[in-house]
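Colleague: This structure is in structure tokens; I'll ask about it shortly.
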Amino acid sequence: MATTDIRFKRMNDEYQSVRKAQDDLFDKVDTVEAALLGLTEMVSENREMLQAIIKHLDVPYKPPDGFVKD
């Protein structure tokens with residue numbers, strides 16, 4: 001049939017379009033994950049530095065208790 005090749009091409013194009021959208025999404029998720037991991041590391045380093053400064057300067061500091069249910 002004359003339309004068979006056209007149909008196969010259309011199905012292939014649709015498949016490739018979905019695949020590209022999925023790949024783009026996965027790339028964005030990987031980028032966000034990497035950014036969050038980097039931020040987590042920086043927060044940890046900053047926390048360590050602040051604790052060292054507090055200790056060095058003998059700052060009377062009591063860390064917060066976190067969320068306390070009233």
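All residue names refer to the structure tokens as shown: chains lettered A, B, ... in order, residues numbered from 1 in each chain, ligands numbered from 1 in order.
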Among chain A, which ones does DSSP assign to helix (DSSP H, G or I) (computed from the backbone)? Answer as a VMD selection string.

Modeller: chain A and resid 4 to 56

Colleague: Mind dumping the selected residues with N, CA and C atoms as a short mmCIF file (atom, residue, chain, number, x, y, z; two decimals), in the first residue's frame?

Modeller:
```
data_model
loop_
_atom_site.label_atom_id
_atom_site.label_comp_id
_atom_site.auth_asym_id
_atom_site.auth_seq_id
_atom_site.Cartn_x
_atom_site.Cartn_y
_atom_site.Cartn_z
N THR A 4 1.49 2.85 3.62
CA THR A 4 2.19 2.09 4.68
C THR A 4 3.46 2.79 5.11
N ASP A 5 4.28 3.22 4.16
CA ASP A 5 5.52 3.90 4.51
C ASP A 5 5.25 5.20 5.27
N ILE A 6 4.22 5.90 4.84
CA ILE A 6 3.86 7.16 5.52
C ILE A 6 3.42 6.88 6.95
N ARG A 7 2.64 5.83 7.15
CA ARG A 7 2.18 5.49 8.50
C ARG A 7 3.36 5.08 9.39
N PHE A 8 4.27 4.28 8.84
CA PHE A 8 5.43 3.89 9.63
C PHE A 8 6.29 5.10 10.00
N LYS A 9 6.45 6.01 9.05
CA LYS A 9 7.22 7.22 9.33
C LYS A 9 6.54 8.05 10.41
N ARG A 10 5.22 8.19 10.34
CA ARG A 10 4.49 8.95 11.35
C ARG A 10 4.64 8.31 12.73
N MET A 11 4.50 6.97 12.80
CA MET A 11 4.66 6.29 14.10
C MET A 11 6.07 6.47 14.63
N ASN A 12 7.05 6.38 13.74
CA ASN A 12 8.44 6.56 14.16
C ASN A 12 8.67 7.98 14.67
N ASP A 13 8.12 8.97 13.97
CA ASP A 13 8.27 10.37 14.40
C ASP A 13 7.62 10.59 15.76
N GLU A 14 6.43 10.01 15.97
CA GLU A 14 5.76 10.14 17.26
C GLU A 14 6.59 9.49 18.37
N TYR A 15 7.13 8.32 18.10
CA TYR A 15 7.97 7.61 19.06
C TYR A 15 9.21 8.44 19.40
N GLN A 16 9.86 8.97 18.37
CA GLN A 16 11.06 9.77 18.59
C GLN A 16 10.74 11.04 19.39
N SER A 17 9.58 11.62 19.13
CA SER A 17 9.16 12.82 19.85
C SER A 17 8.96 12.52 21.34
N VAL A 18 8.29 11.43 21.63
CA VAL A 18 8.09 11.03 23.03
C VAL A 18 9.42 10.72 23.68
N ARG A 19 10.28 10.01 22.99
CA ARG A 19 11.60 9.65 23.52
C ARG A 19 12.42 10.90 23.82
N LYS A 20 12.39 11.89 22.93
CA LYS A 20 13.14 13.12 23.16
C LYS A 20 12.59 13.87 24.38
N ALA A 21 11.27 13.92 24.51
CA ALA A 21 10.67 14.58 25.67
C ALA A 21 11.09 13.88 26.96
N GLN A 22 11.11 12.55 26.95
CA GLN A 22 11.54 11.81 28.13
C GLN A 22 13.02 12.08 28.44
N ASP A 23 13.85 12.07 27.42
CA ASP A 23 15.28 12.34 27.62
C ASP A 23 15.50 13.74 28.20
N ASP A 24 14.77 14.73 27.67
CA ASP A 24 14.88 16.10 28.19
C ASP A 24 14.47 16.16 29.66
N LEU A 25 13.40 15.46 29.99
CA LEU A 25 12.92 15.44 31.38
C LEU A 25 13.96 14.79 32.29
N PHE A 26 14.51 13.66 31.87
CA PHE A 26 15.52 12.98 32.68
C PHE A 26 16.76 13.86 32.87
N ASP A 27 17.16 14.58 31.82
CA ASP A 27 18.30 15.48 31.95
C ASP A 27 18.03 16.57 32.97
N LYS A 28 16.82 17.12 32.96
CA LYS A 28 16.47 18.17 33.92
C LYS A 28 16.45 17.63 35.34
N VAL A 29 15.92 16.43 35.52
CA VAL A 29 15.89 15.82 36.86
C VAL A 29 17.31 15.59 37.35
N ASP A 30 18.18 15.10 36.47
CA ASP A 30 19.58 14.89 36.85
C ASP A 30 20.24 16.20 37.25
N THR A 31 19.94 17.28 36.52
CA THR A 31 20.52 18.59 36.83
C THR A 31 20.03 19.10 38.17
N VAL A 32 18.74 18.94 38.43
CA VAL A 32 18.18 19.39 39.71
C VAL A 32 18.76 18.56 40.85
N GLU A 33 18.88 17.26 40.66
CA GLU A 33 19.45 16.40 41.69
C GLU A 33 20.89 16.79 42.00
N ALA A 34 21.67 17.06 40.98
CA ALA A 34 23.05 17.48 41.18
C ALA A 34 23.11 18.81 41.93
N ALA A 35 22.23 19.73 41.59
CA ALA A 35 22.20 21.02 42.28
C ALA A 35 21.84 20.84 43.75
N LEU A 36 20.86 20.00 44.04
CA LEU A 36 20.47 19.77 45.43
C LEU A 36 21.59 19.10 46.23
N LEU A 37 22.28 18.17 45.61
CA LEU A 37 23.41 17.54 46.30
C LEU A 37 24.51 18.56 46.58
N GLY A 38 24.77 19.44 45.62
CA GLY A 38 25.77 20.48 45.83
C GLY A 38 25.37 21.43 46.94
N LEU A 39 24.10 21.82 46.97
CA LEU A 39 23.62 22.70 48.04
C LEU A 39 23.70 22.02 49.40
N THR A 40 23.38 20.75 49.45
CA THR A 40 23.46 20.00 50.71
C THR A 40 24.90 19.99 51.23
N GLU A 41 25.85 19.77 50.35
CA GLU A 41 27.26 19.78 50.75
C GLU A 41 27.68 21.16 51.25
N MET A 42 27.24 22.20 50.57
CA MET A 42 27.61 23.55 50.98
C MET A 42 27.00 23.90 52.34
N VAL A 43 25.77 23.49 52.57
CA VAL A 43 25.14 23.75 53.87
C VAL A 43 25.91 23.03 54.97
N SER A 44 26.32 21.82 54.70
CA SER A 44 27.08 21.06 55.69
C SER A 44 28.41 21.75 56.00
N GLU A 45 29.10 22.20 54.96
CA GLU A 45 30.38 22.90 55.16
C GLU A 45 30.17 24.19 55.94
N ASN A 46 29.14 24.96 55.56
CA ASN A 46 28.86 26.22 56.26
C ASN A 46 28.54 25.97 57.72
N ARG A 47 27.80 24.90 57.99
CA ARG A 47 27.44 24.56 59.37
C ARG A 47 28.70 24.26 60.18
N GLU A 48 29.61 23.49 59.59
CA GLU A 48 30.86 23.16 60.28
C GLU A 48 31.68 24.42 60.56
N MET A 49 31.74 25.31 59.59
CA MET A 49 32.49 26.56 59.78
C MET A 49 31.86 27.41 60.88
N LEU A 50 30.55 27.52 60.88
CA LEU A 50 29.87 28.31 61.91
C LEU A 50 30.08 27.71 63.30
N GLN A 51 30.04 26.40 63.39
CA GLN A 51 30.28 25.76 64.68
C GLN A 51 31.71 26.02 65.16
N ALA A 52 32.66 26.00 64.23
CA ALA A 52 34.05 26.28 64.61
C ALA A 52 34.21 27.72 65.08
N ILE A 53 33.55 28.66 64.41
CA ILE A 53 33.61 30.07 64.82
C ILE A 53 32.97 30.25 66.18
N ILE A 54 31.82 29.64 66.40
CA ILE A 54 31.13 29.73 67.69
C ILE A 54 32.03 29.20 68.80
N LYS A 55 32.66 28.06 68.55
CA LYS A 55 33.55 27.47 69.55
C LYS A 55 34.76 28.35 69.79
N HIS A 56 35.36 28.87 68.74
CA HIS A 56 36.56 29.71 68.85
C HIS A 56 36.27 30.99 69.63
#
```
